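Peer 1: Dropping in query31.pdb, which is PDB, C-alpha atoms, pLDDT in the B column:
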ATOM      1  CA  MET A  21     114.568 136.512  88.010  1.00 56.00           C
ATOM      2  CA  PRO A  22     117.801 134.517  87.848  1.00 61.00           C
ATOM      3  CA  ASN A  23     119.972 134.841  84.796  1.00 70.00           C
ATOM      4  CA  ALA A  24     121.074 131.818  82.787  1.00 68.00           C
ATOM      5  CA  LEU A  25     124.319 131.354  84.731  1.00 65.00           C
ATOM      6  CA  GLU A  26     122.571 131.497  88.116  1.00 63.00           C
ATOM      7  CA  GLN A  27     119.968 128.985  86.919  1.00 58.00           C
ATOM      8  CA  LYS A  28     122.700 126.667  85.640  1.00 61.00           C
ATOM      9  CA  GLN A  29     124.487 126.845  89.008  1.00 59.00           C
ATOM     10  CA  LYS A  30     121.214 126.168  90.834  1.00 58.00           C
ATOM     11  CA  ASP A  31     120.502 123.195  88.568  1.00 57.00           C
ATOM     12  CA  ALA A  32     124.021 121.844  89.189  1.00 57.00           C
ATOM     13  CA  LYS A  33     123.398 121.877  92.960  1.00 65.00           C
ATOM     14  CA  ARG A  34     120.146 119.943  92.670  1.00 66.00           C
ATOM     15  CA  PRO A  35     120.770 116.265  93.361  1.00 69.00           C
ATOM     16  CA  ALA A  36     120.109 113.832  90.551  1.00 82.00           C
ATOM     17  CA  LEU A  37     116.953 111.782  90.746  1.00 86.00           C
ATOM     18  CA  PRO A  38     117.613 108.347  92.222  1.00 90.00           C
ATOM     19  CA  PRO A  39     117.338 105.655  89.536  1.00 93.00           C
ATOM     20  CA  ARG A  40     114.797 103.825  91.725  1.00 94.00           C
ATOM     21  CA  LEU A  41     112.566 106.922  91.668  1.00 94.00           C
ATOM     22  CA  VAL A  42     112.880 107.343  87.905  1.00 95.00           C
ATOM     23  CA  LEU A  43     111.999 103.677  87.401  1.00 97.00           C
ATOM     24  CA  GLY A  44     109.087 103.947  89.847  1.00 97.00           C
ATOM     25  CA  LEU A  45     107.658 106.986  88.051  1.00 97.00           C
ATOM     26  CA  ILE A  46     107.952 105.250  84.680  1.00 97.00           C
ATOM     27  CA  VAL A  47     106.278 102.123  86.059  1.00 98.00           C
ATOM     28  CA  ALA A  48     103.513 104.285  87.591  1.00 98.00           C
ATOM     29  CA  ILE A  49     102.800 105.879  84.210  1.00 98.00           C
ATOM     30  CA  LEU A  50     102.860 102.521  82.407  1.00 98.00           C
ATOM     31  CA  LEU A  51     100.625 100.808  84.981  1.00 98.00           C
ATOM     32  CA  ASP A  52      98.132 103.670  84.923  1.00 98.00           C
ATOM     33  CA  THR A  53      98.053 103.662  81.128  1.00 98.00           C
ATOM     34  CA  ALA A  54      97.511  99.899  81.006  1.00 98.00           C
ATOM     35  CA  SER A  55      94.889  99.835  83.753  1.00 97.00           C
ATOM     36  CA  GLN A  56      92.851 102.743  82.357  1.00 97.00           C
ATOM     37  CA  THR A  57      92.788 101.503  78.762  1.00 97.00           C
ATOM     38  CA  LEU A  58      92.120  97.882  79.754  1.00 97.00           C
ATOM     39  CA  TRP A  59      89.363  99.064  82.098  1.00 94.00           C
ATOM     40  CA  LYS A  60      87.714 100.892  79.201  1.00 95.00           C
ATOM     41  CA  GLN A  61      88.037  97.806  76.977  1.00 95.00           C
ATOM     42  CA  ALA A  62      86.552  95.623  79.723  1.00 92.00           C
ATOM     43  CA  ALA A  63      83.633  98.046  80.113  1.00 88.00           C
ATOM     44  CA  LEU A  64      83.017  97.919  76.365  1.00 89.00           C
ATOM     45  CA  ASN A  65      82.840  94.106  76.591  1.00 85.00           C
ATOM     46  CA  LEU A  66      80.077  94.145  79.220  1.00 81.00           C
ATOM     47  CA  PRO A  67      76.674  92.842  78.177  1.00 79.00           C
ATOM     48  CA  ASP A  68      74.065  95.588  77.729  1.00 77.00           C
ATOM     49  CA  ASP A  69      72.093  94.576  80.827  1.00 75.00           C
ATOM     50  CA  ALA A  70      75.157  94.218  83.107  1.00 70.00           C
ATOM     51  CA  LEU A  71      74.645  97.616  84.704  1.00 71.00           C
ATOM     52  CA  SER A  72      70.967  97.108  85.520  1.00 72.00           C
ATOM     53  CA  ASN A  73      71.641  95.980  89.109  1.00 70.00           C
ATOM     54  CA  ILE A  74      74.629  95.861  91.425  1.00 72.00           C
ATOM     55  CA  GLY A  75      74.504  92.101  92.049  1.00 70.00           C
ATOM     56  CA  GLY A  76      74.394  91.280  88.373  1.00 72.00           C
ATOM     57  CA  MET A  77      77.133  93.752  87.615  1.00 76.00           C
ATOM     58  CA  LEU A  78      79.450  92.295  90.265  1.00 78.00           C
ATOM     59  CA  GLY A  79      78.824  88.792  88.976  1.00 78.00           C
ATOM     60  CA  VAL A  80      79.678  89.775  85.424  1.00 78.00           C
ATOM     61  CA  VAL A  81      82.724  91.801  86.484  1.00 78.00           C
ATOM     62  CA  LEU A  82      84.160  89.004  88.619  1.00 81.00           C
ATOM     63  CA  HIS A  83      83.963  86.606  85.682  1.00 82.00           C
ATOM     64  CA  GLN A  84      85.570  88.922  83.145  1.00 86.00           C
ATOM     65  CA  PRO A  85      89.329  88.251  82.812  1.00 91.00           C
ATOM     66  CA  LEU A  86      90.038  91.862  81.819  1.00 93.00           C
ATOM     67  CA  PHE A  87      88.434  93.187  85.008  1.00 91.00           C
ATOM     68  CA  LEU A  88      90.533  90.758  87.044  1.00 92.00           C
ATOM     69  CA  LEU A  89      93.670  91.920  85.215  1.00 95.00           C
ATOM     70  CA  VAL A  90      92.730  95.546  85.934  1.00 95.00           C
ATOM     71  CA  GLY A  91      92.380  94.639  89.620  1.00 94.00           C
ATOM     72  CA  PHE A  92      95.877  93.149  89.655  1.00 96.00           C
ATOM     73  CA  LEU A  93      97.226  96.230  87.879  1.00 97.00           C
ATOM     74  CA  PHE A  94      95.655  98.433  90.572  1.00 97.00           C
ATOM     75  CA  ILE A  95      97.368  96.362  93.267  1.00 98.00           C
ATOM     76  CA  GLY A  96     100.648  96.720  91.364  1.00 98.00           C
ATOM     77  CA  GLN A  97     100.075 100.472  91.162  1.00 98.00           C
ATOM     78  CA  MET A  98      99.554 100.669  94.916  1.00 98.00           C
ATOM     79  CA  VAL A  99     102.749  98.745  95.689  1.00 98.00           C
ATOM     80  CA  ASN A 100     104.752 100.790  93.191  1.00 98.00           C
ATOM     81  CA  TRP A 101     103.265 104.053  94.496  1.00 97.00           C
ATOM     82  CA  LEU A 102     104.382 103.206  98.040  1.00 96.00           C
ATOM     83  CA  HIS A 103     107.948 102.854  96.752  1.00 95.00           C
ATOM     84  CA  VAL A 104     107.725 106.107  94.791  1.00 95.00           C
ATOM     85  CA  LEU A 105     106.438 108.024  97.812  1.00 94.00           C
ATOM     86  CA  SER A 106     109.280 106.693  99.946  1.00 92.00           C
ATOM     87  CA  ASP A 107     111.668 108.486  97.569  1.00 92.00           C
ATOM     88  CA  ALA A 108     109.782 111.664  96.654  1.00 93.00           C
ATOM     89  CA  ASP A 109     107.272 114.244  97.783  1.00 93.00           C
ATOM     90  CA  VAL A 110     103.736 113.541  96.644  1.00 94.00           C
ATOM     91  CA  SER A 111     103.646 117.147  95.380  1.00 92.00           C
ATOM     92  CA  TYR A 112     106.479 116.175  93.011  1.00 94.00           C
ATOM     93  CA  ALA A 113     105.558 112.590  92.087  1.00 95.00           C
ATOM     94  CA  LEU A 114     101.838 112.963  91.441  1.00 94.00           C
ATOM     95  CA  PRO A 115     102.174 115.788  88.899  1.00 94.00           C
ATOM     96  CA  VAL A 116     104.911 113.849  87.084  1.00 95.00           C
ATOM     97  CA  THR A 117     102.611 110.853  86.791  1.00 96.00           C
ATOM     98  CA  ALA A 118     100.137 113.163  85.065  1.00 95.00           C
ATOM     99  CA  LEU A 119     102.103 112.118  81.988  1.00 96.00           C
ATOM    100  CA  SER A 120      99.795 109.111  82.042  1.00 97.00           C
ATOM    101  CA  TYR A 121      97.011 111.463  80.874  1.00 95.00           C
ATOM    102  CA  VAL A 122      99.013 111.923  77.697  1.00 96.00           C
ATOM    103  CA  SER A 123      99.907 108.239  77.327  1.00 97.00           C
ATOM    104  CA  VAL A 124      96.317 107.124  78.019  1.00 97.00           C
ATOM    105  CA  ALA A 125      95.076 109.496  75.322  1.00 96.00           C
ATOM    106  CA  ALA A 126      97.658 108.210  72.843  1.00 96.00           C
ATOM    107  CA  VAL A 127      96.926 104.545  73.554  1.00 97.00           C
ATOM    108  CA  SER A 128      93.176 105.208  73.483  1.00 97.00           C
ATOM    109  CA  ALA A 129      93.486 106.876  70.096  1.00 96.00           C
ATOM    110  CA  VAL A 130      95.458 103.976  68.635  1.00 96.00           C
ATOM    111  CA  TRP A 131      93.859 100.987  70.368  1.00 95.00           C
ATOM    112  CA  LEU A 132      90.323 102.155  71.151  1.00 95.00           C
ATOM    113  CA  HIS A 133      90.036 104.481  68.118  1.00 96.00           C
ATOM    114  CA  GLU A 134      89.073 107.466  70.271  1.00 96.00           C
ATOM    115  CA  ALA A 135      89.281 110.936  68.765  1.00 96.00           C
ATOM    116  CA  ILE A 136      91.968 113.336  69.915  1.00 95.00           C
ATOM    117  CA  THR A 137      90.612 116.847  69.362  1.00 96.00           C
ATOM    118  CA  THR A 138      92.549 120.088  69.148  1.00 97.00           C
ATOM    119  CA  GLU A 139      91.380 121.011  72.643  1.00 97.00           C
ATOM    120  CA  ARG A 140      92.703 117.715  74.008  1.00 96.00           C
ATOM    121  CA  ILE A 141      96.043 118.253  72.294  1.00 96.00           C
ATOM    122  CA  ILE A 142      96.291 121.727  73.846  1.00 97.00           C
ATOM    123  CA  GLY A 143      95.406 120.258  77.245  1.00 96.00           C
ATOM    124  CA  MET A 144      98.076 117.587  76.881  1.00 96.00           C
ATOM    125  CA  ALA A 145     100.625 120.230  75.878  1.00 97.00           C
ATOM    126  CA  LEU A 146      99.786 122.146  79.054  1.00 97.00           C
ATOM    127  CA  ILE A 147     100.240 118.949  81.092  1.00 96.00           C
ATOM    128  CA  LEU A 148     103.646 118.425  79.482  1.00 95.00           C
ATOM    129  CA  ALA A 149     104.619 122.024  80.262  1.00 96.00           C
ATOM    130  CA  GLY A 150     103.553 121.557  83.885  1.00 95.00           C
ATOM    131  CA  VAL A 151     105.545 118.346  84.227  1.00 94.00           C
ATOM    132  CA  ILE A 152     108.620 120.053  82.783  1.00 94.00           C
ATOM    133  CA  LEU A 153     108.296 122.873  85.319  1.00 95.00           C
ATOM    134  CA  ILE A 154     107.782 120.503  88.245  1.00 93.00           C
ATOM    135  CA  SER A 155     110.628 118.241  87.160  1.00 90.00           C
ATOM    136  CA  ARG A 156     112.991 121.207  87.589  1.00 90.00           C
ATOM    137  CA  THR A 157     112.255 121.310  91.329  1.00 90.00           C
ATOM    138  CA  ASP A 158     113.670 119.199  94.142  1.00 90.00           C
ATOM    139  CA  HIS A 159     112.002 115.811  94.390  1.00 90.00           C
ATOM    140  CA  ASN A 160     112.264 115.553  98.172  1.00 86.00           C
ATOM    141  CA  THR A 161     111.769 118.633 100.339  1.00 83.00           C
ATOM    142  CA  LEU A 162     111.014 116.763 103.567  1.00 76.00           C
ATOM    143  CA  ASN A 163     114.507 115.347 103.844  1.00 67.00           C
ATOM    144  CA  PRO A 164     116.649 117.547 101.605  1.00 57.00           C
ATOM    145  CA  PRO A 165     120.296 116.615 101.379  1.00 55.00           C
ATOM    146  CA  GLY A 166     122.297 118.558 103.928  1.00 50.00           C
ATOM    147  CA  PRO A 167     125.956 119.339 104.289  1.00 50.00           C
ATOM    148  CA  LEU A 168     128.232 116.338 104.665  1.00 41.00           C
TER     149      LEU A 168
END
Please, can you express the file's structure as structure tokens?

Peer 2:
Amino acid sequence: MPNALEQKQKDAKRPALPPRLVLGLIVAILLDTASQTLWKQAALNLPDDALSNIGGMLGVVLHQPLFLLVGFLFIGQMVNWLHVLSDADVSYALPVTALSYVSVAAVSAVWLHEAITTERIIGMALILAGVILISRTDHNTLNPPGPL
């Protein structure tokens, strides 16, 4: 196990995250948080009989502004995700975007009045710990920076 000095030297050699990647990861978390919580709100606004048949459900969904907004957010997520993946390994980026699990829970508690139990808090703490560990690794192992 490396001592503190060796770890500090290793961290100093790791290239900084490109600002475009940082922005893309933040946007991914924000878009996922918005789309998931708006999707839940849109589902809560459905009439009781909307889920009784597929045709009726599609008709209701296509006429609900929130569902249309969620669709646009999903398209935005896809475009943003393509940019993120051009800058980072999926094995790095996807776990970092797991922070949206924490942000979705927080927004759901405040906006949708959902309960956050002790077990959920522990789970979110574990997610945060995992993201911290992953963030200490190289973001791009396919094309690592080589000697000049």

Peer 1: Counting all atoms listed in the file, which residue out of A:Ser123, A:Gln61, A:Thr117, A:Thr157 sits closest to Ile141 (chain A)?

Peer 2: A:Ser123

Peer 1: Hey, what's within 9 Å of Gly44 (chain A) if we count only C-alpha atoms and toss same-chain stuff fewer than 3 positions away? As a ChimeraX atom specification, please?

Peer 2: /A:39-41,47-49,100-101,103-104

Peer 1: Of the residues A:Gly150, A:Ser55, A:Arg156, A:Leu43, which is the one nearest to Gln97 (chain A), using all atoms listed in the file?

Peer 2: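 Residue with the minimum atom-to-atom distance to Gln97 (chain A): A:Ser55.
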
Peer 1: Can you pull out every residue within 10 Å of Ser120 (chain A), counting all atoms listed in the file, but drop anything in the same chain fewer than 5 positions away, and send it as a PyMOL selection string?

Peer 2: chain A and resi 46+48-54+56+115+125-126+147

Peer 1: Evaluating the PyMOL selection byres ((chain A and resi 60) around 12) on the displayed file yields which residues, as a PyMOL selection string?

Peer 2: chain A and resi 53-59+61-66+86-87+90+124-125+127-128+131-134

Peer 1: Take every atom of region 122-127 of chain A listed in the file, fit an axis-aligned box around them, add 3 Å per side, and give the centre and edge lengths in Å to one decimal as JSON.

Peer 2:
{"center_x": 97.5, "center_y": 108.2, "center_z": 75.4, "size_x": 10.8, "size_y": 13.4, "size_z": 11.2}

Peer 1: Let me know the residues the PyMOL selection byres ((chain A and resi 154) around 12) catches in the file above, as a count of residues only.

Peer 2: 24

Peer 1: Could you jot down the CA of Asp107 (chain A) to CA of Leu93 (chain A) separation for me, Å, one decimal place?

Peer 2: 21.3 Å

Peer 1: What's the separation between CA of Val122 (chain A) and CA of Met144 (chain A), in Å to one decimal place?

Peer 2: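 Separating CA of Val122 (chain A) from CA of Met144 (chain A) is a distance of 5.8 Å.
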
Peer 1: Quick check, in Å to one decimal: how far apart do CA of Gly75 (chain A) and CA of Ile95 (chain A) lie?

Peer 2: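 Taking CA of Gly75 (chain A) as the start and CA of Ile95 (chain A) as the end point, the length is 23.3 Å.
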